[in-house]
file entry_17.cif (mmCIF, C-alpha atoms and all ligand atoms)
data_run
loop_
_atom_site.group_PDB
_atom_site.id
_atom_site.type_symbol
_atom_site.label_atom_id
_atom_site.label_comp_id
_atom_site.auth_asym_id
_atom_site.auth_seq_id
_atom_site.Cartn_x
_atom_site.Cartn_y
_atom_site.Cartn_z
ATOM 1 C CA MET N 165 136.961 -293.046 14.675
ATOM 2 C CA LYS N 166 140.723 -293.003 14.292
ATOM 3 C CA PRO N 167 142.899 -295.327 12.194
ATOM 4 C CA GLY N 168 144.601 -298.320 13.745
ATOM 5 C CA PRO N 169 148.392 -298.066 14.124
ATOM 6 C CA PHE N 170 150.560 -298.326 10.997
ATOM 7 C CA ASP N 171 154.103 -297.561 9.855
ATOM 8 C CA TYR N 172 154.558 -294.773 7.322
ATOM 9 C CA ALA N 173 157.102 -294.561 4.488
ATOM 10 C CA ARG N 174 157.671 -291.723 2.021
ATOM 11 C CA PRO N 175 159.842 -293.060 -0.817
ATOM 12 C CA ALA N 176 161.396 -290.683 -3.378
ATOM 13 C CA THR N 177 161.530 -293.127 -6.299
ATOM 14 C CA VAL N 178 159.232 -295.724 -7.857
ATOM 15 C CA GLU N 179 161.926 -298.365 -7.371
ATOM 16 C CA ARG N 180 162.026 -297.678 -3.630
ATOM 17 C CA ALA N 181 158.209 -297.739 -3.447
ATOM 18 C CA ALA N 182 158.149 -301.121 -5.212
ATOM 19 C CA ALA N 183 160.849 -302.452 -2.851
ATOM 20 C CA LEU N 184 158.872 -301.271 0.186
ATOM 21 C CA LEU N 185 155.722 -302.991 -1.096
ATOM 22 C CA ALA N 186 157.608 -306.215 -1.830
ATOM 23 C CA GLY N 187 159.135 -306.311 1.636
ATOM 24 C CA SER N 188 156.097 -305.566 3.767
ATOM 25 C CA GLY N 189 153.125 -307.376 5.290
ATOM 26 C CA PHE N 190 149.855 -305.642 4.394
ATOM 27 C CA ALA N 191 150.761 -302.308 2.803
ATOM 28 C CA LYS N 192 148.459 -299.640 1.380
ATOM 29 C CA LEU N 193 149.428 -296.913 -1.045
ATOM 30 C CA LEU N 194 148.524 -293.328 -0.246
ATOM 31 C CA SER N 195 147.944 -290.781 -3.036
ATOM 32 C CA GLY N 196 145.342 -288.046 -2.501
ATOM 33 C CA GLY N 197 143.904 -289.806 0.563
ATOM 34 C CA GLN N 198 140.355 -288.792 -0.436
ATOM 35 C CA SER N 199 139.078 -292.373 -0.305
ATOM 36 C CA LEU N 200 141.797 -294.020 1.754
ATOM 37 C CA GLY N 201 141.499 -291.472 4.587
ATOM 38 C CA PRO N 202 137.892 -292.388 5.423
ATOM 39 C CA MET N 203 138.645 -296.102 4.919
ATOM 40 C CA LEU N 204 141.452 -295.865 7.499
ATOM 41 C CA ASN N 205 139.357 -293.830 9.917
ATOM 42 C CA LEU N 206 136.493 -296.316 9.732
ATOM 43 C CA ARG N 207 139.029 -299.167 9.994
ATOM 44 C CA LEU N 208 137.773 -300.675 6.750
ATOM 45 C CA ALA N 209 141.487 -300.753 5.870
ATOM 46 C CA ARG N 210 144.010 -301.711 8.565
ATOM 47 C CA PRO N 211 147.404 -301.729 6.857
ATOM 48 C CA ASP N 212 150.714 -302.452 8.600
ATOM 49 C CA LEU N 213 152.409 -299.915 6.357
ATOM 50 C CA LEU N 214 151.315 -296.830 4.438
ATOM 51 C CA VAL N 215 153.488 -296.059 1.393
ATOM 52 C CA ASP N 216 152.991 -292.397 0.482
ATOM 53 C CA LEU N 217 153.511 -291.932 -3.265
ATOM 54 C CA THR N 218 153.107 -288.161 -3.316
ATOM 55 C CA HIS N 219 156.815 -287.336 -2.903
ATOM 56 C CA ILE N 220 157.883 -289.287 -5.977
ATOM 57 C CA ALA N 221 158.551 -286.565 -8.543
ATOM 58 C CA SER N 222 158.255 -288.878 -11.569
ATOM 59 C CA LEU N 223 154.655 -289.722 -10.627
ATOM 60 C CA LYS N 224 153.696 -286.085 -11.193
ATOM 61 C CA GLU N 225 155.303 -285.903 -14.635
ATOM 62 C CA ILE N 226 153.698 -285.698 -18.064
ATOM 63 C CA ARG N 227 155.262 -287.253 -21.146
ATOM 64 C CA GLU N 228 154.104 -286.538 -24.685
ATOM 65 C CA THR N 229 154.707 -288.515 -27.869
ATOM 66 C CA LYS N 230 153.049 -288.084 -31.255
ATOM 67 C CA ASP N 231 150.627 -290.929 -30.409
ATOM 68 C CA PHE N 232 149.830 -290.500 -26.722
ATOM 69 C CA LEU N 233 150.037 -288.430 -23.573
ATOM 70 C CA GLU N 234 151.394 -290.149 -20.463
ATOM 71 C CA ILE N 235 150.052 -288.789 -17.181
ATOM 72 C CA GLY N 236 151.791 -289.729 -13.923
ATOM 73 C CA ALA N 237 149.681 -291.468 -11.278
ATOM 74 C CA CYS N 238 149.915 -288.588 -8.765
ATOM 75 C CA VAL N 239 148.685 -285.883 -11.122
ATOM 76 C CA THR N 240 145.607 -284.395 -9.465
ATOM 77 C CA HIS N 241 142.183 -283.782 -10.965
ATOM 78 C CA ALA N 242 142.805 -280.035 -10.392
ATOM 79 C CA ASN N 243 146.076 -280.178 -12.381
ATOM 80 C CA ILE N 244 144.091 -281.511 -15.345
ATOM 81 C CA GLU N 245 141.197 -279.094 -14.824
ATOM 82 C CA ASP N 246 143.593 -276.122 -14.699
ATOM 83 C CA GLY N 247 145.326 -277.016 -17.972
ATOM 84 C CA LEU N 248 148.658 -277.817 -16.292
ATOM 85 C CA VAL N 249 148.432 -281.078 -18.204
ATOM 86 C CA PRO N 250 148.504 -280.667 -21.996
ATOM 87 C CA ASP N 251 145.257 -281.858 -23.537
ATOM 88 C CA CYS N 252 145.269 -284.418 -26.351
ATOM 89 C CA THR N 253 141.505 -285.063 -26.273
ATOM 90 C CA ASN N 254 140.030 -281.877 -27.742
ATOM 91 C CA GLY N 255 138.890 -280.773 -24.299
ATOM 92 C CA MET N 256 137.509 -284.005 -22.866
ATOM 93 C CA LEU N 257 140.074 -284.518 -20.060
ATOM 94 C CA PRO N 258 139.822 -280.992 -18.548
ATOM 95 C CA SER N 259 136.037 -280.982 -18.892
ATOM 96 C CA VAL N 260 135.651 -284.298 -17.048
ATOM 97 C CA ALA N 261 138.194 -283.236 -14.387
ATOM 98 C CA SER N 262 136.356 -280.000 -13.644
ATOM 99 C CA ASN N 263 133.159 -281.901 -12.812
ATOM 100 C CA ILE N 264 134.630 -284.397 -10.354
ATOM 101 C CA ALA N 265 133.308 -283.769 -6.831
ATOM 102 C CA TYR N 266 134.205 -280.222 -5.752
ATOM 103 C CA ARG N 267 137.421 -278.240 -5.750
ATOM 104 C CA ALA N 268 138.752 -279.333 -2.333
ATOM 105 C CA VAL N 269 138.548 -282.995 -3.439
ATOM 106 C CA ARG N 270 140.015 -282.209 -6.866
ATOM 107 C CA ASN N 271 143.000 -280.452 -5.254
ATOM 108 C CA ARG N 272 144.090 -283.698 -3.568
ATOM 109 C CA GLY N 273 142.488 -286.558 -5.517
ATOM 110 C CA THR N 274 144.738 -288.151 -8.147
ATOM 111 C CA ILE N 275 144.092 -289.946 -11.402
ATOM 112 C CA GLY N 276 146.053 -293.008 -10.199
ATOM 113 C CA GLY N 277 144.219 -293.152 -6.875
ATOM 114 C CA SER N 278 140.838 -292.822 -8.550
ATOM 115 C CA LEU N 279 141.470 -295.591 -11.097
ATOM 116 C CA SER N 280 142.953 -297.927 -8.483
ATOM 117 C CA HIS N 281 140.177 -297.346 -5.984
ATOM 118 C CA ALA N 282 137.929 -298.541 -8.849
ATOM 119 C CA ASP N 283 134.620 -297.120 -7.714
ATOM 120 C CA PRO N 284 132.248 -297.869 -10.636
ATOM 121 C CA ALA N 285 130.843 -294.310 -10.357
ATOM 122 C CA ALA N 286 134.265 -292.630 -10.654
ATOM 123 C CA ASP N 287 134.582 -290.349 -13.650
ATOM 124 C CA TRP N 288 138.084 -291.438 -14.723
ATOM 125 C CA VAL N 289 137.017 -295.083 -14.813
ATOM 126 C CA SER N 290 134.450 -294.430 -17.564
ATOM 127 C CA THR N 291 136.511 -291.754 -19.292
ATOM 128 C CA LEU N 292 139.732 -293.726 -19.620
ATOM 129 C CA THR N 293 137.772 -296.778 -20.741
ATOM 130 C CA VAL N 294 136.074 -294.895 -23.576
ATOM 131 C CA LEU N 295 139.418 -293.267 -24.459
ATOM 132 C CA ASP N 296 141.063 -296.715 -24.765
ATOM 133 C CA ALA N 297 143.826 -295.602 -22.394
ATOM 134 C CA GLU N 298 146.621 -297.884 -21.275
ATOM 135 C CA ILE N 299 147.603 -298.322 -17.651
ATOM 136 C CA VAL N 300 151.322 -298.454 -16.851
ATOM 137 C CA ILE N 301 151.902 -300.710 -13.855
ATOM 138 C CA ARG N 302 155.099 -300.730 -11.777
ATOM 139 C CA GLY N 303 156.311 -303.637 -9.667
ATOM 140 C CA ALA N 304 159.576 -304.998 -8.294
ATOM 141 C CA LYS N 305 160.293 -306.638 -11.669
ATOM 142 C CA GLY N 306 159.757 -303.437 -13.687
ATOM 143 C CA GLN N 307 156.868 -302.148 -15.789
ATOM 144 C CA ARG N 308 153.975 -303.756 -17.626
ATOM 145 C CA ARG N 309 150.990 -302.245 -19.437
ATOM 146 C CA VAL N 310 147.320 -303.233 -19.652
ATOM 147 C CA PRO N 311 144.372 -301.594 -21.430
ATOM 148 C CA MET N 312 142.072 -299.689 -19.059
ATOM 149 C CA ALA N 313 139.247 -302.056 -20.047
ATOM 150 C CA ASN N 314 141.268 -304.891 -18.440
ATOM 151 C CA TYR N 315 142.557 -302.887 -15.455
ATOM 152 C CA MET N 316 139.308 -302.624 -13.532
ATOM 153 C CA LEU N 317 138.085 -306.148 -12.776
ATOM 154 C CA GLY N 318 135.026 -305.267 -10.691
ATOM 155 C CA THR N 319 133.836 -302.969 -7.925
ATOM 156 C CA PHE N 320 136.934 -301.854 -5.952
ATOM 157 C CA GLU N 321 138.997 -304.501 -7.742
ATOM 158 C CA VAL N 322 141.870 -303.940 -10.176
ATOM 159 C CA ALA N 323 144.399 -306.100 -12.011
ATOM 160 C CA LEU N 324 147.345 -305.293 -9.734
ATOM 161 C CA GLU N 325 149.432 -308.213 -8.531
ATOM 162 C CA GLU N 326 150.906 -308.136 -5.051
ATOM 163 C CA GLY N 327 153.576 -305.440 -4.776
ATOM 164 C CA GLU N 328 152.431 -303.551 -7.888
ATOM 165 C CA PHE N 329 151.011 -300.066 -8.260
ATOM 166 C CA LEU N 330 149.684 -297.790 -10.992
ATOM 167 C CA GLU N 331 152.557 -295.638 -12.285
ATOM 168 C CA ALA N 332 150.952 -293.724 -15.176
ATOM 169 C CA VAL N 333 148.170 -293.689 -17.753
ATOM 170 C CA ARG N 334 148.656 -293.369 -21.496
ATOM 171 C CA VAL N 335 145.906 -291.528 -23.319
ATOM 172 C CA PRO N 336 145.802 -291.891 -27.133
ATOM 173 C CA ARG N 337 145.998 -288.581 -28.976
ATOM 174 C CA PHE N 338 142.786 -287.500 -30.751
ATOM 175 C CA SER N 339 142.897 -286.329 -34.356
ATOM 176 C CA LYS N 340 141.811 -282.708 -34.895
ATOM 177 C CA SER N 341 138.343 -283.724 -36.136
ATOM 178 C CA ALA N 342 137.580 -286.114 -33.253
ATOM 179 C CA ARG N 343 134.391 -285.480 -31.264
ATOM 180 C CA TRP N 344 133.456 -286.626 -27.785
ATOM 181 C CA GLY N 345 130.468 -286.567 -25.466
ATOM 182 C CA TYR N 346 130.232 -287.082 -21.713
ATOM 183 C CA TYR N 347 127.080 -286.863 -19.677
ATOM 184 C CA LYS N 348 126.459 -287.869 -16.074
ATOM 185 C CA PHE N 349 123.413 -287.862 -13.879
ATOM 186 C CA CYS N 350 124.097 -286.833 -10.250
ATOM 187 C CA ARG N 351 121.483 -286.091 -7.636
ATOM 188 C CA LYS N 352 123.463 -283.038 -6.498
ATOM 189 C CA ALA N 353 126.415 -281.218 -8.080
ATOM 190 C CA GLY N 354 129.641 -282.715 -6.706
ATOM 191 C CA GLU N 355 128.174 -286.113 -5.921
ATOM 192 C CA PHE N 356 129.137 -289.413 -7.489
ATOM 193 C CA ALA N 357 127.199 -290.184 -10.669
ATOM 194 C CA GLU N 358 124.187 -292.466 -10.883
ATOM 195 C CA ALA N 359 124.758 -292.982 -14.600
ATOM 196 C CA ILE N 360 127.462 -291.937 -17.040
ATOM 197 C CA GLY N 361 127.350 -291.910 -20.843
ATOM 198 C CA ALA N 362 130.628 -291.408 -22.725
ATOM 199 C CA VAL N 363 131.310 -291.404 -26.454
ATOM 200 C CA VAL N 364 134.403 -290.881 -28.615
ATOM 201 C CA ARG N 365 134.144 -290.567 -32.407
ATOM 202 C CA ASP N 366 137.402 -290.200 -34.271
ATOM 203 C CA PRO N 367 136.916 -291.413 -37.867
ATOM 204 C CA GLU N 368 140.504 -290.492 -38.865
ATOM 205 C CA ARG N 369 141.771 -293.060 -36.359
ATOM 206 C CA GLY N 370 138.915 -295.476 -37.051
ATOM 207 C CA VAL N 371 137.565 -295.008 -33.517
ATOM 208 C CA CYS N 372 133.892 -295.089 -32.503
ATOM 209 C CA ARG N 373 133.549 -296.093 -28.840
ATOM 210 C CA ALA N 374 130.807 -295.789 -26.263
ATOM 211 C CA VAL N 375 130.579 -296.493 -22.540
ATOM 212 C CA MET N 376 127.740 -296.773 -20.072
ATOM 213 C CA GLY N 377 129.323 -296.137 -16.679
ATOM 214 C CA ALA N 378 128.399 -295.894 -13.011
ATOM 215 C CA THR N 379 126.865 -299.353 -13.247
ATOM 216 C CA HIS N 380 127.309 -301.688 -10.298
ATOM 217 C CA SER N 381 130.587 -302.985 -11.696
ATOM 218 C CA THR N 382 132.940 -302.308 -14.611
ATOM 219 C CA PRO N 383 131.774 -299.865 -17.276
ATOM 220 C CA ILE N 384 129.844 -301.365 -20.187
ATOM 221 C CA LEU N 385 132.140 -300.770 -23.145
ATOM 222 C CA VAL N 386 131.132 -300.921 -26.794
ATOM 223 C CA ALA N 387 134.509 -300.890 -28.551
ATOM 224 C CA ASP N 388 132.900 -300.582 -31.992
ATOM 225 C CA ALA N 389 129.806 -298.475 -31.408
ATOM 226 C CA THR N 390 129.063 -297.791 -35.087
ATOM 227 C CA ALA N 391 125.773 -299.712 -34.958
ATOM 228 C CA LEU N 392 124.804 -298.156 -31.616
ATOM 229 C CA ILE N 393 125.474 -294.485 -32.402
ATOM 230 C CA GLY N 394 126.626 -294.340 -36.032
ATOM 231 C CA GLN N 395 123.204 -293.492 -37.518
ATOM 232 C CA GLY N 396 121.876 -291.538 -34.543
ATOM 233 C CA PHE N 397 121.288 -293.144 -31.178
ATOM 234 C CA ASP N 398 119.744 -296.624 -31.088
ATOM 235 C CA ALA N 399 117.899 -296.730 -27.736
ATOM 236 C CA ALA N 400 116.735 -300.327 -28.271
ATOM 237 C CA ALA N 401 120.342 -301.476 -28.758
ATOM 238 C CA ALA N 402 121.365 -299.609 -25.583
ATOM 239 C CA GLY N 403 118.531 -301.361 -23.718
ATOM 240 C CA ALA N 404 119.712 -304.731 -25.036
ATOM 241 C CA LEU N 405 123.191 -304.011 -23.646
ATOM 242 C CA LEU N 406 121.683 -303.354 -20.214
ATOM 243 C CA ASP N 407 119.760 -306.655 -20.506
ATOM 244 C CA ARG N 408 123.016 -308.499 -21.160
ATOM 245 C CA HIS N 409 124.510 -306.930 -18.036
ATOM 246 C CA GLU N 410 121.406 -307.784 -16.006
ATOM 247 C CA ILE N 411 120.545 -304.170 -15.205
ATOM 248 C CA THR N 412 116.801 -304.553 -14.757
ATOM 249 C CA ASP N 413 115.677 -301.660 -12.554
ATOM 250 C CA ALA N 414 113.493 -299.379 -14.726
ATOM 251 C CA TYR N 415 114.777 -296.112 -13.205
ATOM 252 C CA GLU N 416 118.442 -297.114 -13.561
ATOM 253 C CA ARG N 417 117.872 -298.278 -17.131
ATOM 254 C CA GLN N 418 116.282 -294.993 -18.090
ATOM 255 C CA LEU N 419 119.169 -293.009 -16.599
ATOM 256 C CA HIS N 420 121.799 -295.095 -18.393
ATOM 257 C CA VAL N 421 120.065 -294.931 -21.760
ATOM 258 C CA GLU N 422 119.409 -291.201 -21.466
ATOM 259 C CA ALA N 423 122.977 -290.416 -20.326
ATOM 260 C CA LEU N 424 124.346 -292.256 -23.354
ATOM 261 C CA ARG N 425 121.859 -290.584 -25.680
ATOM 262 C CA ARG N 426 122.899 -287.131 -24.447
ATOM 263 C CA ALA N 427 126.613 -288.007 -24.777
ATOM 264 C CA THR N 428 125.923 -289.224 -28.331
ATOM 265 C CA VAL N 429 124.206 -285.950 -29.246
ATOM 266 C CA GLN N 430 127.102 -283.991 -27.718
ATOM 267 C CA ALA N 431 129.526 -286.011 -29.855
ATOM 268 C CA GLY N 432 127.604 -284.937 -32.945
ATOM 269 C CA ALA N 433 126.419 -288.415 -33.900
HETATM 270 C C1 LIG L 501 133.235 -286.107 -0.988
HETATM 271 C C2 LIG L 501 133.848 -286.818 -2.172
HETATM 272 C C3 LIG L 501 133.211 -286.743 -3.391
HETATM 273 C C4 LIG L 501 133.763 -287.402 -4.505
HETATM 274 N N1 LIG L 501 133.121 -287.319 -5.707
HETATM 275 C C5 LIG L 501 133.674 -287.898 -6.790
HETATM 276 C C6 LIG L 501 133.070 -287.775 -8.080
HETATM 277 O O1 LIG L 501 132.049 -287.140 -8.276
HETATM 278 N N2 LIG L 501 133.670 -288.401 -9.128
HETATM 279 C C7 LIG L 501 134.831 -289.111 -8.971
HETATM 280 O O2 LIG L 501 135.346 -289.652 -9.950
HETATM 281 N N3 LIG L 501 135.440 -289.211 -7.775
HETATM 282 C C8 LIG L 501 134.898 -288.629 -6.695
HETATM 283 N N4 LIG L 501 135.527 -288.743 -5.481
HETATM 284 C C9 LIG L 501 136.790 -289.531 -5.406
HETATM 285 C C10 LIG L 501 138.048 -288.645 -5.483
HETATM 286 O O3 LIG L 501 137.970 -287.849 -6.622
HETATM 287 C C11 LIG L 501 139.398 -289.427 -5.583
HETATM 288 O O4 LIG L 501 139.730 -289.686 -6.914
HETATM 289 C C12 LIG L 501 139.387 -290.716 -4.944
HETATM 290 O O5 LIG L 501 138.992 -290.487 -3.617
HETATM 291 C C13 LIG L 501 140.737 -291.491 -4.924
HETATM 292 O O6 LIG L 501 141.847 -290.751 -5.271
HETATM 293 P P1 LIG L 501 143.010 -290.438 -4.238
HETATM 294 O O7 LIG L 501 144.159 -289.912 -5.027
HETATM 295 O O8 LIG L 501 142.504 -289.593 -3.139
HETATM 296 O O9 LIG L 501 143.405 -291.907 -3.714
HETATM 297 P P2 LIG L 501 143.632 -292.442 -2.225
HETATM 298 O O10 LIG L 501 142.451 -292.133 -1.376
HETATM 299 O O11 LIG L 501 144.962 -292.033 -1.718
HETATM 300 O O12 LIG L 501 143.660 -294.020 -2.555
HETATM 301 C C14 LIG L 501 142.503 -294.710 -2.950
HETATM 302 C C15 LIG L 501 142.828 -296.201 -3.093
HETATM 303 O O13 LIG L 501 143.700 -296.425 -4.198
HETATM 304 C C16 LIG L 501 144.958 -296.956 -3.745
HETATM 305 N N5 LIG L 501 145.973 -296.243 -4.529
HETATM 306 C C17 LIG L 501 146.236 -294.916 -4.492
HETATM 307 N N6 LIG L 501 147.145 -294.603 -5.425
HETATM 308 C C18 LIG L 501 147.467 -295.746 -6.063
HETATM 309 C C19 LIG L 501 148.355 -296.071 -7.127
HETATM 310 N N7 LIG L 501 149.081 -295.141 -7.759
HETATM 311 N N8 LIG L 501 148.433 -297.375 -7.522
HETATM 312 C C20 LIG L 501 147.683 -298.329 -6.919
HETATM 313 N N9 LIG L 501 146.831 -298.089 -5.901
HETATM 314 C C21 LIG L 501 146.723 -296.802 -5.477
HETATM 315 C C22 LIG L 501 145.015 -296.702 -2.260
HETATM 316 O O14 LIG L 501 145.807 -297.653 -1.574
HETATM 317 C C23 LIG L 501 143.556 -296.797 -1.884
HETATM 318 O O15 LIG L 501 143.175 -298.147 -1.770
HETATM 319 C C24 LIG L 501 134.993 -288.115 -4.365
HETATM 320 C C25 LIG L 501 135.636 -288.172 -3.125
HETATM 321 C C26 LIG L 501 135.084 -287.526 -2.034
HETATM 322 C C27 LIG L 501 135.819 -287.596 -0.709
#
call {"tool": "encode", "arguments": {"input": "entry_17.cif", "output": "C-alpha cells"}}
result
Amino acid sequence: MKPGPFDYARPATVERAAALLAGSGFAKLLSGGQSLGPMLNLRLARPDLLVDLTHIASLKEIRETKDFLEIGACVTHANIEDGLVPDCTNGMLPSVASNIAYRAVRNRGTIGGSLSHADPAADWVSTLTVLDAEIVIRGAKGQRRVPMANYMLGTFEVALEEGEFLEAVRVPRFSKSARWGYYKFCRKAGEFAEAIGAVVRDPERGVCRAVMGATHSTPILVADATALIGQGFDAAAAGALLDRHEITDAYERQLHVEALRRATVQAGA
C-alpha cells in the first residue's frame, strides 16, 4: 500500500518545528522513519502534515556536563554504537545500541523516535528507564523535563501534550566503579525482544536499579533494587513483581525472570 496524501515540512529549528505543530491539523513527526514509514504505508497513520525533524542541527547535538550527557533526539542508534556519542555509562549505551535490530535500521532509527514510538519491546525504553534518564520535551511554550519512567504511559503512548515533541534525553553520568547488566531474549538476532532484564549498580551515587522490560506495557521498574539483587538474585521477589503486574503466562514469566537474573550476574551482583 501507499500512504494517503499529506503535506511535508522540513524545519531548520526546534522553534519552527513547534510552530508548525501548533498551527496544523493532525501532524506527525518524522525522524528515522523506521516505524512511521510502515504505519503510513499501511494507513495506520493518516496525518495532514509530516514534520521532518532530521534537518534540525541541534537535534543531532551532544551536550556534556559533569552530571549528565544530553543526547539530541535525532541521534541515531548507529551514532551511539560507533562511539560518535561520548559514553558516560561505562559501555552500556554503545552495547545496547549495537544490538538493536540490524545495521540498516540502526543507521536511520533515532533515540527520540524509538522512545516516542514507545514500543514496550524497544531497547531504549528499558535502558533509559533503568538509567533514570530525563526526557527534554519541546513545545510552543518552551522546554519541560520529565523522568523517563513518567514519559512512557503505556503501549505506544507517551506523555507529550499536543504540539510537543521529544528534543533530547539526559543520561546521568556513571561513577567509575558503576556496573551494569543488560540481557534480552529474542527469537532471532535483530528481532524485537520477548523479555529484557536491565540492572544498574552504582554505589558511589547510591543507585541500585532494575528493570524488567518488553512486557505488554511500560517497563517494570524497581527504583531501589537492593532487596531484589543486593544479596544475589531473588527469583521469588522477581516472580512477585510479575504477579503484581498480572503477567501470568508461565513461558513469559520464565523469560522475564531469567533475563533479569542474567543481567544481575552481568552487573556483578
Ligand atoms: C525491522 C525492524 C526491526 C527493529 N528491531 C528493533 C529492536 O530490536 N529493538 C528496538 O529497540 N527497536 C527496533 N526497531 C525500531 C527502530 O530501531 C526505531 O527506533 C524505531 O523504528 C523508531 O525510530 P525512528 O527514528 O525510525 O522513528 P520514526 O519511525 O520516524 O517515528 C516513530 C514514531 O515516533 C514519532 N516521533 C519521531 N520522532 C519523534 C520525536 N523526536 N518526538 C516525538 N515523537 C517523535 C513519530 O511521529 C512516530 O509516531 C526495529 C525496526 C524495524 C523496522
call {"tool": "atom_distance", "arguments": {"input": "entry_17.cif", "atom1": "CA of Ala399 in chain N", "atom2": "CA of Val386 in chain N"}}
result
13.9 Å
call {"tool": "axis_aligned_box", "arguments": {"input": "entry_17.cif", "around": "ligand LIG 501 (chain L)", "padding_each_side": "4 Å", "output": "lines of an AutoDock Vina configuration file"}}
result
center_x = 140.6
center_y = -292.2
center_z = -5.3
size_x = 25.0
size_y = 20.2
size_z = 17.2
call {"tool": "closest_atom_pairs", "arguments": {"input": "entry_17.cif", "of": "chain N", "to": "ligand LIG 501 (chain L)", "cutoff": "8 Å", "atoms": "all atoms listed in the file", "output": "JSON lines"}}
result
{"residue": "N:Lys192", "atom": "CA", "partner": "L:LIG501", "partner_atom": "O14", "distance": 4.4}
{"residue": "N:Leu193", "atom": "CA", "partner": "L:LIG501", "partner_atom": "O14", "distance": 3.7}
{"residue": "N:Leu194", "atom": "CA", "partner": "L:LIG501", "partner_atom": "O11", "distance": 4.1}
{"residue": "N:Ser195", "atom": "CA", "partner": "L:LIG501", "partner_atom": "O11", "distance": 3.5}
{"residue": "N:Gly196", "atom": "CA", "partner": "L:LIG501", "partner_atom": "O8", "distance": 3.3}
{"residue": "N:Gly197", "atom": "CA", "partner": "L:LIG501", "partner_atom": "O11", "distance": 3.4}
{"residue": "N:Gln198", "atom": "CA", "partner": "L:LIG501", "partner_atom": "O8", "distance": 3.5}
{"residue": "N:Ser199", "atom": "CA", "partner": "L:LIG501", "partner_atom": "O10", "distance": 3.5}
{"residue": "N:Leu200", "atom": "CA", "partner": "L:LIG501", "partner_atom": "O10", "distance": 3.7}
{"residue": "N:Gly201", "atom": "CA", "partner": "L:LIG501", "partner_atom": "O10", "distance": 6.1}
{"residue": "N:Leu217", "atom": "CA", "partner": "L:LIG501", "partner_atom": "N7", "distance": 7.1}
{"residue": "N:Ala237", "atom": "CA", "partner": "L:LIG501", "partner_atom": "N7", "distance": 5.1}
{"residue": "N:Cys238", "atom": "CA", "partner": "L:LIG501", "partner_atom": "N7", "distance": 6.7}
{"residue": "N:Thr240", "atom": "CA", "partner": "L:LIG501", "partner_atom": "O7", "distance": 7.2}
{"residue": "N:His241", "atom": "CA", "partner": "L:LIG501", "partner_atom": "O3", "distance": 7.3}
{"residue": "N:Asn263", "atom": "CA", "partner": "L:LIG501", "partner_atom": "O1", "distance": 7.0}
{"residue": "N:Ile264", "atom": "CA", "partner": "L:LIG501", "partner_atom": "N2", "distance": 4.3}
{"residue": "N:Ala265", "atom": "CA", "partner": "L:LIG501", "partner_atom": "N1", "distance": 3.7}
{"residue": "N:Tyr266", "atom": "CA", "partner": "L:LIG501", "partner_atom": "C3", "distance": 7.0}
{"residue": "N:Val269", "atom": "CA", "partner": "L:LIG501", "partner_atom": "O3", "distance": 5.8}
{"residue": "N:Arg270", "atom": "CA", "partner": "L:LIG501", "partner_atom": "O3", "distance": 6.0}
{"residue": "N:Arg272", "atom": "CA", "partner": "L:LIG501", "partner_atom": "O8", "distance": 6.1}
{"residue": "N:Gly273", "atom": "CA", "partner": "L:LIG501", "partner_atom": "O7", "distance": 3.8}
{"residue": "N:Thr274", "atom": "CA", "partner": "L:LIG501", "partner_atom": "O7", "distance": 3.6}
{"residue": "N:Ile275", "atom": "CA", "partner": "L:LIG501", "partner_atom": "O4", "distance": 6.3}
{"residue": "N:Gly276", "atom": "CA", "partner": "L:LIG501", "partner_atom": "N7", "distance": 4.4}
{"residue": "N:Gly277", "atom": "CA", "partner": "L:LIG501", "partner_atom": "O9", "distance": 3.5}
{"residue": "N:Ser278", "atom": "CA", "partner": "L:LIG501", "partner_atom": "O4", "distance": 3.7}
{"residue": "N:Leu279", "atom": "CA", "partner": "L:LIG501", "partner_atom": "O13", "distance": 7.3}
{"residue": "N:Ser280", "atom": "CA", "partner": "L:LIG501", "partner_atom": "O13", "distance": 4.6}
{"residue": "N:His281", "atom": "CA", "partner": "L:LIG501", "partner_atom": "O13", "distance": 4.1}
{"residue": "N:Ala282", "atom": "CA", "partner": "L:LIG501", "partner_atom": "O13", "distance": 7.7}
{"residue": "N:Asp283", "atom": "CA", "partner": "L:LIG501", "partner_atom": "O2", "distance": 7.8}
{"residue": "N:Ala285", "atom": "CA", "partner": "L:LIG501", "partner_atom": "O2", "distance": 6.5}
{"residue": "N:Ala286", "atom": "CA", "partner": "L:LIG501", "partner_atom": "O2", "distance": 3.2}
{"residue": "N:Asp287", "atom": "CA", "partner": "L:LIG501", "partner_atom": "O2", "distance": 3.8}
{"residue": "N:Trp288", "atom": "CA", "partner": "L:LIG501", "partner_atom": "O2", "distance": 5.8}
{"residue": "N:Val289", "atom": "CA", "partner": "L:LIG501", "partner_atom": "O2", "distance": 7.5}
{"residue": "N:Ile301", "atom": "CA", "partner": "L:LIG501", "partner_atom": "N8", "distance": 8.0}
{"residue": "N:Leu324", "atom": "CA", "partner": "L:LIG501", "partner_atom": "C20", "distance": 7.5}
{"residue": "N:Glu328", "atom": "CA", "partner": "L:LIG501", "partner_atom": "C20", "distance": 7.1}
{"residue": "N:Phe329", "atom": "CA", "partner": "L:LIG501", "partner_atom": "N8", "distance": 3.8}
{"residue": "N:Leu330", "atom": "CA", "partner": "L:LIG501", "partner_atom": "N8", "distance": 3.7}
{"residue": "N:Glu331", "atom": "CA", "partner": "L:LIG501", "partner_atom": "N7", "distance": 5.7}
{"residue": "N:Ala332", "atom": "CA", "partner": "L:LIG501", "partner_atom": "N7", "distance": 7.8}
{"residue": "N:Gly354", "atom": "CA", "partner": "L:LIG501", "partner_atom": "O1", "distance": 5.3}
{"residue": "N:Glu355", "atom": "CA", "partner": "L:LIG501", "partner_atom": "O1", "distance": 4.6}
{"residue": "N:Phe356", "atom": "CA", "partner": "L:LIG501", "partner_atom": "O1", "distance": 3.8}
{"residue": "N:Ala357", "atom": "CA", "partner": "L:LIG501", "partner_atom": "O1", "distance": 6.2}
call {"tool": "resolve_selection", "arguments": {"input": "entry_17.cif", "expression": "the PyMOL selection byres (((chain N and resi 309-323) around 9) and not hetatm)", "output": "JSON, numbers by chain"}}
result
{"N": [279, 280, 281, 282, 283, 284, 289, 292, 293, 294, 295, 296, 297, 298, 299, 300, 301, 302, 307, 308, 324, 325, 333, 380, 381, 382, 383, 385]}
